[in-house]
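So this one's start-v5.txt, compact mmCIF, C-alpha atoms:
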# COMPACT_ATOMS: atom_id res chain seq x y z
CA MET A 1 15.90 -18.31 -17.84
CA ALA A 2 13.63 -15.26 -18.01
CA ASN A 3 13.90 -11.70 -19.27
CA ILE A 4 13.33 -9.71 -16.08
CA ALA A 5 12.94 -5.99 -15.45
CA PHE A 6 13.86 -5.04 -11.87
CA ILE A 7 12.71 -1.65 -10.59
CA GLY A 8 14.25 -0.31 -7.39
CA LEU A 9 17.81 -1.15 -6.36
CA GLY A 10 17.92 -0.08 -2.73
CA VAL A 11 19.26 -2.05 0.23
CA MET A 12 16.71 -4.78 -0.47
CA GLY A 13 16.17 -4.61 -4.23
CA GLY A 14 19.83 -4.43 -5.18
CA PRO A 15 20.83 -7.73 -3.54
CA MET A 16 17.64 -9.45 -4.73
CA ALA A 17 18.31 -8.42 -8.32
CA GLY A 18 21.87 -9.62 -7.86
CA HIS A 19 20.69 -13.10 -6.92
CA LEU A 20 18.56 -13.21 -10.06
CA ALA A 21 21.55 -12.25 -12.20
CA LYS A 22 23.71 -14.90 -10.53
CA ALA A 23 20.97 -17.46 -11.23
CA GLY A 24 21.34 -16.73 -14.93
CA HIS A 25 18.30 -14.54 -15.61
CA ARG A 26 18.66 -11.66 -18.07
CA LEU A 27 18.02 -8.37 -16.26
CA THR A 28 17.21 -4.83 -17.26
CA VAL A 29 17.23 -2.55 -14.22
CA TYR A 30 15.78 0.84 -13.38
CA ASN A 31 16.42 3.00 -10.35
CA ARG A 32 15.39 6.58 -9.68
CA SER A 33 19.07 7.33 -9.11
CA ILE A 34 20.66 6.34 -12.42
CA GLY A 35 24.09 6.15 -10.81
CA LYS A 36 22.95 3.33 -8.54
CA ALA A 37 21.58 1.43 -11.54
CA LYS A 38 24.86 1.84 -13.42
CA SER A 39 26.86 0.67 -10.42
CA TRP A 40 24.63 -2.39 -10.10
CA ALA A 41 25.06 -3.21 -13.81
CA GLU A 42 28.84 -2.89 -13.51
CA ALA A 43 28.78 -5.41 -10.68
CA PHE A 44 26.27 -7.91 -12.08
CA GLY A 45 25.88 -7.23 -15.81
CA GLY A 46 22.57 -6.57 -17.52
CA GLU A 47 21.14 -3.41 -19.01
CA VAL A 48 20.17 -0.07 -17.50
CA ALA A 49 16.87 1.55 -18.54
CA ILE A 50 15.97 5.23 -18.34
CA SER A 51 12.40 4.57 -17.18
CA PRO A 52 10.26 1.74 -15.81
CA ALA A 53 8.41 1.59 -19.13
CA LYS A 54 11.68 1.12 -21.03
CA ALA A 55 12.84 -1.53 -18.57
CA ALA A 56 9.60 -3.48 -19.04
CA GLU A 57 9.43 -3.37 -22.86
CA ASP A 58 10.81 -6.84 -23.51
CA ALA A 59 10.34 -8.32 -20.05
CA GLU A 60 8.44 -11.48 -19.30
CA ILE A 61 8.56 -10.58 -15.61
CA VAL A 62 8.67 -7.16 -13.95
CA ILE A 63 9.70 -6.98 -10.29
CA SER A 64 9.49 -3.86 -8.14
CA CYS A 65 10.94 -3.03 -4.74
CA VAL A 66 10.46 0.66 -4.05
CA GLY A 67 9.39 2.73 -1.04
CA THR A 68 5.79 3.85 -0.72
CA ASP A 69 2.34 3.64 -2.32
CA ASP A 70 3.10 6.78 -4.32
CA ASP A 71 6.44 5.38 -5.53
CA LEU A 72 4.79 2.14 -6.57
CA SER A 73 1.96 3.92 -8.37
CA GLN A 74 4.47 6.05 -10.27
CA VAL A 75 6.65 3.16 -11.47
CA THR A 76 3.64 1.11 -12.55
CA LEU A 77 0.78 3.40 -13.59
CA GLY A 78 2.62 6.68 -14.15
CA ARG A 79 3.34 8.26 -17.52
CA GLU A 80 6.57 6.25 -17.79
CA GLY A 81 5.28 3.35 -15.70
CA ALA A 82 5.96 -0.30 -16.41
CA PHE A 83 2.30 -1.18 -17.06
CA ARG A 84 2.43 1.10 -20.11
CA SER A 85 4.72 -1.31 -21.95
CA MET A 86 4.15 -4.71 -20.32
CA GLN A 87 2.72 -7.29 -22.70
CA PRO A 88 -0.38 -9.44 -22.10
CA GLY A 89 0.62 -12.64 -20.34
CA SER A 90 3.55 -11.05 -18.52
CA LEU A 91 3.97 -11.26 -14.75
CA PHE A 92 4.29 -8.41 -12.24
CA ILE A 93 5.75 -9.09 -8.78
CA ASP A 94 5.85 -6.35 -6.17
CA HIS A 95 8.10 -6.69 -3.12
CA THR A 96 7.38 -3.24 -1.69
CA THR A 97 5.58 -3.04 1.64
CA VAL A 98 2.56 -0.93 0.77
CA SER A 99 -1.16 -0.73 1.47
CA ALA A 100 -3.45 -3.61 0.60
CA ARG A 101 -5.51 -1.03 -1.29
CA ILE A 102 -2.86 -0.33 -3.92
CA ALA A 103 -2.05 -4.05 -4.19
CA ARG A 104 -5.68 -4.72 -5.06
CA GLN A 105 -5.74 -1.75 -7.43
CA LEU A 106 -2.70 -3.04 -9.34
CA PHE A 107 -4.27 -6.47 -9.54
CA VAL A 108 -7.36 -4.98 -11.18
CA GLU A 109 -5.32 -2.69 -13.44
CA GLY A 110 -3.13 -5.59 -14.47
CA GLU A 111 -6.07 -7.88 -15.09
CA GLY A 112 -7.50 -5.35 -17.53
CA ARG A 113 -4.22 -5.43 -19.45
CA GLY A 114 -3.77 -9.21 -19.31
CA ILE A 115 -0.96 -8.84 -16.76
CA HIS A 116 -0.72 -11.34 -13.88
CA SER A 117 0.05 -9.64 -10.55
CA VAL A 118 1.45 -10.87 -7.23
CA ASP A 119 1.84 -8.72 -4.12
CA ALA A 120 4.83 -10.25 -2.37
CA PRO A 121 6.24 -8.22 0.55
CA VAL A 122 9.27 -9.70 2.25
CA SER A 123 10.61 -10.21 5.75
CA GLY A 124 14.20 -10.82 6.73
CA GLY A 125 15.75 -7.40 6.32
CA GLN A 126 18.90 -6.41 4.52
CA ALA A 127 20.79 -9.47 5.74
CA GLY A 128 18.04 -11.74 4.42
CA ALA A 129 18.19 -10.05 1.02
CA GLU A 130 21.98 -10.26 0.85
CA ASN A 131 22.04 -13.90 1.91
CA GLY A 132 19.08 -14.97 -0.24
CA ARG A 133 17.12 -16.05 2.84
CA LEU A 134 14.01 -13.87 2.71
CA SER A 135 10.53 -14.95 3.77
CA ILE A 136 7.94 -13.91 1.19
CA MET A 137 4.19 -13.70 1.74
CA CYS A 138 2.22 -13.69 -1.51
CA GLY A 139 -1.22 -12.51 -2.59
CA GLY A 140 -2.68 -13.30 -6.00
CA SER A 141 -3.96 -16.17 -8.08
CA GLU A 142 -2.47 -19.65 -7.71
CA PRO A 143 -0.99 -19.71 -11.27
CA ALA A 144 0.57 -16.27 -10.85
CA VAL A 145 2.13 -17.13 -7.49
CA GLU A 146 3.51 -20.42 -8.80
CA ALA A 147 5.06 -18.61 -11.78
CA ALA A 148 6.55 -16.03 -9.40
CA ARG A 149 7.89 -18.76 -7.12
CA ILE A 150 10.20 -20.00 -9.87
CA VAL A 151 12.17 -16.74 -9.90
CA MET A 152 11.71 -15.69 -6.26
CA GLN A 153 13.41 -18.84 -5.03
CA ALA A 154 16.70 -17.23 -6.07
CA TYR A 155 16.52 -15.00 -2.98
CA ALA A 156 13.99 -16.65 -0.68
CA ALA A 157 14.13 -19.29 2.03
CA ARG A 158 10.35 -19.40 2.42
CA ILE A 159 7.54 -18.52 0.00
CA VAL A 160 3.93 -18.81 1.18
CA HIS A 161 0.80 -18.13 -0.87
CA VAL A 162 -1.53 -16.67 1.75
CA GLY A 163 -4.55 -15.65 -0.35
CA GLY A 164 -5.93 -13.38 -3.04
CA ALA A 165 -4.83 -9.93 -4.13
CA GLY A 166 -3.74 -7.83 -1.14
CA ALA A 167 -3.35 -10.81 1.20
CA GLY A 168 0.43 -10.62 0.98
CA GLN A 169 0.36 -7.03 2.19
CA THR A 170 -2.05 -7.67 5.05
CA THR A 171 0.10 -10.62 6.14
CA LYS A 172 3.14 -8.31 6.18
CA MET A 173 1.13 -6.02 8.45
CA VAL A 174 0.60 -8.98 10.80
CA ASN A 175 4.37 -9.51 10.73
CA GLN A 176 5.12 -5.90 11.68
CA ILE A 177 2.48 -5.86 14.41
CA CYS A 178 4.19 -8.89 15.99
CA ILE A 179 7.66 -7.37 15.69
CA ALA A 180 6.60 -4.07 17.26
CA GLY A 181 5.25 -5.80 20.36
CA VAL A 182 8.27 -8.07 20.72
CA ILE A 183 10.81 -5.23 20.49
CA GLN A 184 8.92 -3.10 23.02
CA GLY A 185 8.73 -6.02 25.44
CA MET A 186 12.41 -6.77 24.98
CA SER A 187 13.32 -3.10 25.45
CA GLU A 188 11.56 -3.03 28.81
CA ALA A 189 13.06 -6.38 29.84
CA LEU A 190 16.58 -5.24 28.96
CA ARG A 191 16.29 -2.01 30.94
CA PHE A 192 14.79 -3.95 33.87
CA ALA A 193 17.75 -6.35 33.80
CA GLN A 194 20.19 -3.44 33.73
CA ALA A 195 18.45 -1.71 36.62
CA SER A 196 18.68 -4.99 38.56
CA GLU A 197 22.44 -5.07 37.83
CA LEU A 198 22.20 -8.52 36.28
CA ASP A 199 24.85 -10.04 34.02
CA LEU A 200 23.21 -9.59 30.61
CA ASP A 201 25.14 -12.49 29.08
CA LYS A 202 23.85 -14.81 31.79
CA VAL A 203 20.31 -13.45 31.47
CA PHE A 204 20.38 -14.10 27.73
CA GLU A 205 21.72 -17.62 28.30
CA ALA A 206 18.98 -18.32 30.82
CA ILE A 207 15.97 -17.01 28.92
CA SER A 208 16.83 -17.43 25.25
CA GLY A 209 16.29 -21.18 25.37
CA GLY A 210 12.75 -20.92 26.69
CA ALA A 211 9.44 -19.29 25.85
CA ALA A 212 10.97 -15.78 25.71
CA GLN A 213 13.21 -16.73 22.79
CA SER A 214 12.75 -14.85 19.52
CA TRP A 215 14.73 -13.77 16.48
CA GLN A 216 14.90 -10.29 17.97
CA MET A 217 16.36 -11.64 21.20
CA ASP A 218 18.92 -13.82 19.43
CA ASN A 219 20.08 -11.02 17.16
CA ARG A 220 19.46 -7.74 19.03
CA TRP A 221 19.67 -8.35 22.80
CA MET A 222 23.37 -7.57 23.10
CA THR A 223 23.48 -4.88 20.41
CA MET A 224 20.65 -3.04 22.17
CA ALA A 225 22.61 -3.27 25.42
CA GLN A 226 25.58 -1.72 23.59
CA ASP A 227 23.45 1.10 22.12
CA SER A 228 24.31 -0.12 18.63
CA PHE A 229 21.51 0.47 16.12
CA ASP A 230 23.01 0.18 12.65
CA PHE A 231 21.42 -3.06 11.48
CA GLY A 232 19.26 -2.31 8.48
CA PHE A 233 15.51 -1.75 8.69
CA ALA A 234 15.07 1.85 9.80
CA VAL A 235 12.66 3.42 12.28
CA ASP A 236 11.24 5.63 9.51
CA TRP A 237 10.26 2.53 7.52
CA MET A 238 8.80 0.82 10.57
CA ARG A 239 6.58 3.83 11.22
CA LYS A 240 5.42 3.69 7.61
CA ASP A 241 4.55 -0.01 8.00
CA LEU A 242 2.76 0.44 11.32
CA GLY A 243 0.80 3.31 9.79
CA LEU A 244 -0.35 0.94 7.04
CA ALA A 245 -1.43 -1.60 9.65
CA LEU A 246 -3.34 0.99 11.66
CA GLU A 247 -5.05 2.24 8.50
CA GLU A 248 -6.08 -1.29 7.52
CA ALA A 249 -7.33 -1.92 11.06
CA ARG A 250 -9.64 1.07 10.77
CA ALA A 251 -10.96 -0.39 7.53
CA ASN A 252 -11.54 -3.93 8.82
CA GLY A 253 -12.81 -2.95 12.26
CA SER A 254 -10.01 -4.48 14.33
CA THR A 255 -8.32 -2.75 17.28
CA LEU A 256 -4.55 -2.49 17.71
CA PRO A 257 -3.94 -0.70 21.02
CA VAL A 258 -0.39 -1.95 21.59
CA THR A 259 0.59 -1.29 17.97
CA ALA A 260 -0.76 2.26 18.19
CA LEU A 261 1.20 2.84 21.39
CA VAL A 262 4.46 1.45 19.99
CA ASP A 263 3.98 3.55 16.87
CA GLN A 264 3.98 6.64 19.10
CA PHE A 265 7.04 5.34 20.93
CA TYR A 266 8.79 5.15 17.56
CA ALA A 267 7.74 8.77 16.97
CA ASP A 268 9.64 9.58 20.18
CA VAL A 269 12.72 7.83 18.77
CA GLN A 270 12.41 9.90 15.60
CA ALA A 271 12.27 13.05 17.72
CA MET A 272 15.51 11.88 19.36
CA GLY A 273 17.15 11.76 15.92
CA GLY A 274 16.81 8.00 15.44
CA ASN A 275 15.04 8.08 12.07
CA ARG A 276 17.64 6.00 10.25
CA GLN A 277 18.56 3.76 13.17
CA ASP A 278 17.20 0.23 13.07
CA THR A 279 13.99 -0.77 14.83
CA SER A 280 15.77 -1.97 17.98
CA ALA A 281 16.46 1.72 18.74
CA LEU A 282 13.05 1.58 20.43
CA VAL A 283 15.00 0.80 23.59
CA ARG A 284 16.35 4.38 23.58
CA ARG A 285 13.07 5.78 24.88
CA VAL A 286 12.92 3.40 27.85
CA THR A 287 14.50 5.10 30.84
CA ARG A 288 17.92 3.74 31.76
CA ALA A 289 18.45 3.35 35.50

Could you render the structure from this file as structure tokens?
Amino acid sequence: MANIAFIGLGVMGGPMAGHLAKAGHRLTVYNRSIGKAKSWAEAFGGEVAISPAKAAEDAEIVISCVGTDDDLSQVTLGREGAFRSMQPGSLFIDHTTVSARIARQLFVEGEGRGIHSVDAPVSGGQAGAENGRLSIMCGGSEPAVEAARIVMQAYAARIVHVGGAGAGQTTKMVNQICIAGVIQGMSEALRFAQASELDLDKVFEAISGGAAQSWQMDNRWMTMAQDSFDFGFAVDWMRKDLGLALEEARANGSTLPVTALVDQFYADVQAMGGNRQDTSALVRRVTRA
């Protein structure tokens, strides 16, 4: 069992840290809102730290799951950041979805301190975190990823080492590009079916067993038809992720015309007040007959 510092106890990080505690690891947690950290400790045990640096002092492994590049930079490289107190030979695992640029920067910064780093964004949403069924895409060295795998298996159903530093983040961008296109296509299909006055249950039965089948269809077809959009991963976060993908595309010379269009469609949903609704709220901007 390892001494682990876990930084960031939101809808994803909180359940993930909980799985680690249930697996028997010794946790010290930090969250920007100290009340959330105290509530987590009351539920799962462990210690609460007043800063990332304090959380990391005696940790063999530091895991982060925060919000943005700036958040990640602050909790790692800031004045009270974890890298200030991490010891040579320790392991840093980041589950935040951020730019490949900062993932590579942290790899270099860590290497200079003798810290092994893995960028390991996740897919599976809040339900995947709560059920310990996340898919994790990892960038970093083979030894670092294998060391990370030992602890990540507490909350993951699939762990894939996809390449060097930053490769985990670029793979997550691939994931979000795919999801954006699927949800837009499904939104249009659903509204078309409604305009045709079809029985949506029968339509789902007919098409979900064939080439049109997807996780989004299995889990969101009927909730989208019911205008129910309270299922975790928010539109605001999707726009952040698509922005990262579009930025990386400019850097690597690829073109993402559909992704750019769907990103603007999500901006329309934000303008409609759907910021905190889940990504299937994309259907709201498709005209209902």

If we count only C-alpha atoms and set the cut-off at 8 Å, which residues sit around Ser85 (chain A), ignoring sequence neighbours fewer than 6 positions away in its own chain? Please answer as number ranges by chain.
A: 53-54, 56-57

Writer output for current selection, C-alpha atoms, as a PDB file, in the coordinates of the input:
ATOM      1  CA  ALA A  53       8.410   1.590 -19.130  1.00  0.00           C
ATOM      2  CA  LYS A  54      11.680   1.120 -21.030  1.00  0.00           C
ATOM      3  CA  ALA A  56       9.600  -3.480 -19.040  1.00  0.00           C
ATOM      4  CA  GLU A  57       9.430  -3.370 -22.860  1.00  0.00           C
TER       5      GLU A  57
END

Hey, which of A:Ala195, A:Val122, A:Val98, A:Val62 ends up closest to Met12 (chain A)? Count only C-alpha atoms.
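Checking each of A:Ala195, A:Val122, A:Val98, A:Val62 against Met12 (chain A), counting only C-alpha atoms, the winner is A:Val122.
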
Residue nearest Arg288 (chain A) among A:Gln264, A:Thr223, A:Ser208, A:Gln194 (counting only C-alpha atoms)
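Residue with the minimum atom-to-atom distance to Arg288 (chain A): A:Gln194.
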
Cut-off 12 Å around (23.4, 1.9, 8.7) with only C-alpha atoms: residues as a VMD selection string
chain A and resid 11 126 228 to 235 274 to 279

Could you state the separation of CA of Tyr155 (chain A) and CA of Ile102 (chain A) in Å, given to one decimal place?
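Computing the Euclidean distance for CA of Tyr155 (chain A) and CA of Ile102 (chain A) yields 24.3 Å.
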